[in-house]
file upload-v1.cif (mmCIF, C-alpha atoms and all ligand atoms)
data_coords
#
loop_
_atom_site.label_atom_id
_atom_site.label_comp_id
_atom_site.auth_asym_id
_atom_site.auth_seq_id
_atom_site.Cartn_x
_atom_site.Cartn_y
_atom_site.Cartn_z
CA MET R 322 144.89 6.63 -260.99
CA THR R 323 148.44 7.81 -260.43
CA ILE R 324 149.92 11.02 -261.80
CA LEU R 325 152.13 8.96 -264.11
CA THR R 326 149.13 7.03 -265.50
CA ALA R 327 147.24 10.27 -266.09
CA LEU R 328 150.25 11.69 -267.96
CA ARG R 329 150.55 8.50 -270.03
CA LYS R 330 146.91 8.85 -271.02
CA LYS R 331 147.55 12.53 -271.74
CA ASN R 332 144.78 13.35 -269.28
CA PHE R 333 146.43 16.57 -268.14
CA THR R 334 143.51 17.97 -266.13
CA ARG R 335 143.47 14.74 -264.10
CA ALA R 336 147.25 14.82 -263.62
CA VAL R 337 147.06 18.36 -262.22
CA ASP R 338 144.05 17.42 -260.03
CA LEU R 339 146.11 14.59 -258.57
CA ALA R 340 149.10 16.89 -257.97
CA PHE R 341 146.78 19.12 -255.91
CA THR R 342 145.13 16.15 -254.17
CA TYR R 343 148.47 14.74 -253.03
CA GLY R 344 149.78 18.14 -251.95
CA TYR R 345 152.44 18.64 -254.60
CA ARG R 346 150.60 21.79 -255.52
CA ASP R 347 148.84 24.15 -253.17
CA ALA R 348 147.49 27.67 -253.30
CA PRO R 349 146.54 30.34 -250.72
CA SER R 350 143.14 30.93 -252.34
CA VAL R 351 140.69 29.31 -254.73
CA ALA R 352 141.35 32.00 -257.36
CA THR R 353 145.13 31.50 -257.20
CA GLY R 354 144.62 27.75 -257.20
CA LEU R 355 142.55 27.95 -260.36
CA GLU R 356 145.22 30.10 -261.99
CA ILE R 357 147.97 27.61 -261.10
CA TRP R 358 145.75 24.72 -262.23
CA THR R 359 145.11 26.36 -265.63
CA ARG R 360 148.79 27.22 -266.12
CA ASP R 361 149.89 23.69 -265.18
CA VAL R 362 147.45 22.07 -267.62
CA HIS R 363 148.66 24.39 -270.39
CA HIS R 364 152.31 23.67 -269.58
CA LEU R 365 151.65 19.92 -269.79
CA GLU R 366 149.96 20.39 -273.17
CA LEU R 367 153.04 22.26 -274.41
CA ILE R 368 155.42 19.62 -273.00
CA PHE R 369 153.52 16.79 -274.69
CA THR R 370 152.82 18.42 -278.05
CA ARG R 371 155.81 20.64 -278.87
CA ARG R 372 159.33 19.61 -279.71
CA PRO R 373 162.24 22.04 -279.44
CA TYR R 374 164.67 22.08 -282.40
CA LEU R 375 167.42 21.09 -279.98
CA LEU R 376 165.69 17.68 -279.62
CA GLU R 377 164.85 17.32 -283.31
CA ALA R 378 166.96 14.16 -283.80
CA VAL R 379 165.69 12.36 -280.67
CA PRO R 380 163.81 9.15 -281.58
CA GLN R 381 160.05 9.45 -280.99
CA GLU R 382 159.95 6.66 -278.39
CA VAL R 383 162.73 8.31 -276.33
CA LEU R 384 161.01 11.68 -276.66
CA GLU R 385 157.78 10.21 -275.24
CA GLN R 386 159.70 8.92 -272.20
CA MET R 387 161.29 12.33 -271.75
CA ARG R 388 157.84 13.92 -271.89
CA LEU R 389 156.62 11.73 -269.02
CA ILE R 390 159.66 12.67 -266.94
CA ALA R 391 159.30 16.35 -267.82
CA GLY R 392 155.60 16.20 -266.87
CA LEU R 393 156.46 14.66 -263.49
CA LEU R 394 159.22 17.20 -262.92
CA HIS R 395 156.79 19.99 -263.70
CA LEU R 396 154.13 18.71 -261.28
CA LEU R 397 156.30 17.34 -258.47
CA GLY R 398 159.03 19.96 -258.45
CA ARG R 399 161.86 20.52 -260.87
CA ASP R 400 164.62 20.27 -258.32
CA ASP R 401 163.54 16.95 -256.87
CA PRO R 402 165.75 14.16 -258.11
CA LEU R 403 163.33 11.62 -259.57
CA GLN R 404 165.84 8.81 -259.41
CA SER R 405 163.29 6.06 -259.95
CA VAL R 406 162.12 7.35 -263.30
CA ARG R 407 165.25 9.05 -264.57
CA PRO R 408 166.98 7.30 -267.44
CA ALA R 409 170.41 5.79 -266.93
CA ASN R 410 173.57 7.83 -267.34
CA GLY R 411 174.88 8.65 -270.77
CA HIS R 412 173.44 11.02 -273.30
CA VAL R 413 170.06 11.04 -275.00
CA PRO R 414 170.25 9.56 -278.53
CA GLY R 415 170.26 12.28 -281.17
CA THR R 416 171.78 14.83 -278.77
CA HIS R 417 174.94 15.61 -276.80
CA ILE R 418 172.86 16.22 -273.65
CA GLU R 419 173.21 14.04 -270.56
CA SER R 420 170.08 11.96 -269.94
CA LYS R 421 169.23 13.44 -266.60
CA TRP R 422 169.21 16.98 -267.98
CA ALA R 423 167.51 16.35 -271.31
CA PRO R 424 163.87 16.36 -270.03
CA HIS R 425 164.54 19.87 -268.72
CA MET R 426 164.79 20.99 -272.36
CA LEU R 427 161.09 20.19 -272.74
CA LEU R 428 160.33 22.21 -269.60
CA ARG R 429 162.42 25.14 -270.82
CA HIS R 430 160.72 25.03 -274.19
CA ALA R 431 157.27 25.03 -272.54
CA ASP R 432 158.38 27.98 -270.37
CA PHE R 433 159.59 29.79 -273.49
CA LEU R 434 156.36 29.14 -275.43
CA ALA R 435 154.12 30.14 -272.51
CA MET R 436 156.17 33.31 -271.95
CA MET R 437 155.97 34.22 -275.65
CA GLU R 438 152.17 33.72 -275.60
CA THR R 439 151.89 36.11 -272.66
CA LEU R 440 154.18 38.65 -274.33
CA TRP R 441 152.20 38.50 -277.59
CA GLU R 442 148.98 39.12 -275.63
CA ARG R 443 150.53 42.28 -274.18
CA ALA R 444 152.44 43.35 -277.29
CA ALA R 445 149.94 46.10 -278.19
CA GLN R 446 150.48 47.85 -274.84
CA ARG R 447 154.25 47.42 -275.07
CA PRO R 448 155.36 48.55 -278.54
CA GLY R 449 159.01 48.97 -277.48
CA LEU R 450 159.30 45.45 -276.14
CA TYR R 451 162.47 43.50 -276.87
CA LEU R 452 163.88 40.29 -275.51
CA THR R 453 167.28 39.23 -274.40
CA VAL R 454 168.49 35.80 -273.38
CA ARG R 455 170.25 35.26 -270.08
CA THR R 456 172.55 32.33 -269.59
CA ALA R 457 173.10 30.43 -266.36
CA GLY R 458 176.31 32.49 -266.14
CA ASP R 459 178.66 29.73 -265.08
CA GLU R 460 181.66 27.99 -266.63
CA TRP R 461 179.50 25.32 -268.31
CA VAL R 462 177.70 27.74 -270.60
CA CYS R 463 178.69 27.01 -274.22
CA ARG R 464 179.93 29.54 -276.78
CA SER R 465 176.66 29.52 -278.73
CA CYS R 466 174.59 30.34 -275.63
CA ARG R 467 177.05 33.12 -274.74
CA GLU R 468 176.69 34.53 -278.27
CA MET R 469 172.90 34.33 -278.04
CA SER R 470 172.95 36.32 -274.82
CA LYS R 471 174.53 39.27 -276.68
CA MET R 472 171.58 39.55 -279.07
CA ARG R 473 168.37 41.51 -278.85
CA TYR R 474 165.23 39.95 -280.26
CA ARG R 475 161.80 41.19 -281.17
CA LEU R 476 158.71 39.07 -280.64
CA ASP R 477 158.41 38.19 -284.33
CA ASP R 478 162.08 37.26 -284.74
CA ASP R 479 162.78 33.64 -285.54
CA PHE R 480 164.39 32.29 -282.38
CA GLU R 481 163.59 29.91 -279.58
CA LEU R 482 164.76 28.46 -276.30
CA PRO R 483 166.36 26.11 -275.59
CA ASN R 484 168.99 27.46 -277.98
CA PRO R 485 168.90 25.08 -281.00
CA LEU R 486 172.70 25.44 -281.43
CA CYS R 487 173.53 24.85 -277.77
CA THR R 488 176.38 22.44 -277.10
CA CYS R 489 176.20 22.54 -273.28
CA LYS R 490 176.42 19.07 -271.72
CA MET R 491 173.65 19.99 -269.31
CA GLY R 492 171.62 21.31 -272.20
CA CYS R 493 170.62 24.93 -272.63
CA ARG R 494 169.80 26.63 -269.34
CA CYS R 495 169.11 30.05 -270.86
CA HIS R 496 165.95 31.98 -270.09
CA LEU R 497 164.16 34.95 -271.63
CA HIS R 498 164.41 38.40 -270.20
CA PRO R 499 162.05 41.09 -271.54
CA GLY R 500 163.08 44.73 -271.77
CA ILE R 501 161.62 47.99 -273.12
CA TYR R 502 163.29 50.43 -275.54
ZN ZN U 601 174.58 26.15 -274.54
#

call {"tool": "encode", "arguments": {"input": "upload-v1.cif", "output": "structure tokens", "more": "lines below"}}
Ligand SMILES: [Zn+2]
result
Amino acid sequence: MTILTALRKKNFTRAVDLAFTYGYRDAPSVATGLEIWTRDVHHLELIFTRRPYLLEAVPQEVLEQMRLIAGLLHLLGRDDPLQSVRPANGHVPGTHIESKWAPHMLLRHADFLAMMETLWERAAQRPGLYLTVRTAGDEWVCRSCREMSKMRYRLDDDFELPNPLCTCKMGCRCHLHPGIY
């Protein structure tokens, strides 16, 4: 079975096993390996089950393709250009985002959700916790993302990443940054 087949079958444990088998993932110890394995499986579940508001208008069939690409990017390395599986140029239907960047929105959403889960688990020990959003800080960051980065959020505030109002051509590249009052 290939990693892509495992992802298609939504067999995430197998997909992560294969990523380790073929050396796309490695770990200095069994304990660390198990931690990475568990985190990877959970990230894949989030990528394949959750849809960010920013991609709300994307047709289901296109979204499923993007999920496969996002899953591969997650397992094989996010910076590797996966030319063979990347969609053609142009933007993803239902968005303003260029095709090659759009799958990253699923990865960023999974990162956001996983980070929020961790923060909620620790919320009791960190009563003064607040969150800010940091942009990529370059000239391509849109006005809405810049505005969002001026806000402070609490865990139970209604917000998410990628920024649902983002108009960046590369999609939202913002990430969460926790702070303490
Ligand atoms: Zn933006």

call {"tool": "residues_around", "arguments": {"input": "upload-v1.cif", "residues": "segment 340-348 of chain R", "least_positions_apart": "6", "cutoff": "10 Å", "atoms": "all atoms listed in the file", "output": "PyMOL selection string"}}
result
chain R and resi 323-324+334+354-358+361+393+396-398

call {"tool": "atom_distance", "arguments": {"input": "upload-v1.cif", "atom1": "atom CA of Thr416 of chain R", "atom2": "atom CA of Leu328 of chain R"}}
result
24.3 Å

call {"tool": "residues_near_point", "arguments": {"input": "upload-v1.cif", "point": "(162.4, 41.1, -270.1)", "cutoff": "7 Å", "atoms": "all atoms listed in the file", "output": "number ranges by chain"}}
result
R: 452-453, 497-500

call {"tool": "residues_near_ligand", "arguments": {"input": "upload-v1.cif", "ligand": "ligand ZN 601 (chain U)", "cutoff": "7 Å", "atoms": "only C-alpha atoms and all ligand atoms", "output": "PyMOL selection string"}}
result
chain R and resi 462-466+484+487-489+492-493

call {"tool": "closest_residue", "arguments": {"input": "upload-v1.cif", "among": "R:His395, R:His496, R:His412, R:His430", "to": "Val383 of chain R", "atoms": "all atoms listed in the file"}}
result
R:His412

call {"tool": "closest_residue", "arguments": {"input": "upload-v1.cif", "among": "R:Leu325, R:Phe333, R:Val413, R:Thr353", "to": "Ile390 of chain R", "atoms": "all atoms listed in the file"}}
result
R:Leu325

call {"tool": "residues_around", "arguments": {"input": "upload-v1.cif", "residues": "Gln386 of chain R", "least_positions_apart": "4", "cutoff": "9 Å", "atoms": "all atoms listed in the file", "output": "list in words"}}
result
Gln381, Glu382, Ile390, Ala391, Pro408 and Pro424 of chain R

call {"tool": "residues_near_point", "arguments": {"input": "upload-v1.cif", "point": "(156.0, 36.3, -275.3)", "cutoff": "10 Å", "atoms": "all atoms listed in the file", "output": "ChimeraX atom specification"}}
result
/R:432-444,450-452,475-477,497,499

call {"tool": "closest_residue", "arguments": {"input": "upload-v1.cif", "among": "R:Thr456, R:Arg399, R:Arg329, R:Ala336", "to": "Leu427 of chain R", "atoms": "all atoms listed in the file"}}
result
R:Arg399

call {"tool": "closest_residue", "arguments": {"input": "upload-v1.cif", "among": "R:Tyr474, R:Tyr374, R:Phe480, R:Tyr502", "to": "Met426 of chain R", "atoms": "only C-alpha atoms"}}
result
R:Tyr374

call {"tool": "axis_aligned_box", "arguments": {"input": "upload-v1.cif", "around": "segment 472-476 of chain R", "padding_each_side": "3 Å", "output": "AutoDock Vina command-line options"}}
result
--center_x 165.1 --center_y 40.3 --center_z -280.0 --size_x 18.9 --size_y 8.4 --size_z 8.3

call {"tool": "atom_distance", "arguments": {"input": "upload-v1.cif", "atom1": "atom CA of Val362 of chain R", "atom2": "atom CA of Val337 of chain R"}}
result
6.6 Å

call {"tool": "atom_distance", "arguments": {"input": "upload-v1.cif", "atom1": "atom CA of Asp459 of chain R", "atom2": "atom CA of Lys471 of chain R"}}
result
15.6 Å

call {"tool": "closest_residue", "arguments": {"input": "upload-v1.cif", "among": "R:Leu365, R:Ser470, R:His417, R:Asp478", "to": "Gly458 of chain R", "atoms": "all atoms listed in the file"}}
result
R:Ser470

call {"tool": "residues_around", "arguments": {"input": "upload-v1.cif", "residues": "Pro380 of chain R", "least_positions_apart": "5", "cutoff": "9 Å", "atoms": "all atoms listed in the file", "output": "list in words"}}
result
Glu385, Pro414 and Gly415 of chain R

call {"tool": "closest_residue", "arguments": {"input": "upload-v1.cif", "among": "R:Arg455, R:Arg429, R:Arg388, R:Arg447", "to": "Leu375 of chain R", "atoms": "all atoms listed in the file"}}
result
R:Arg429
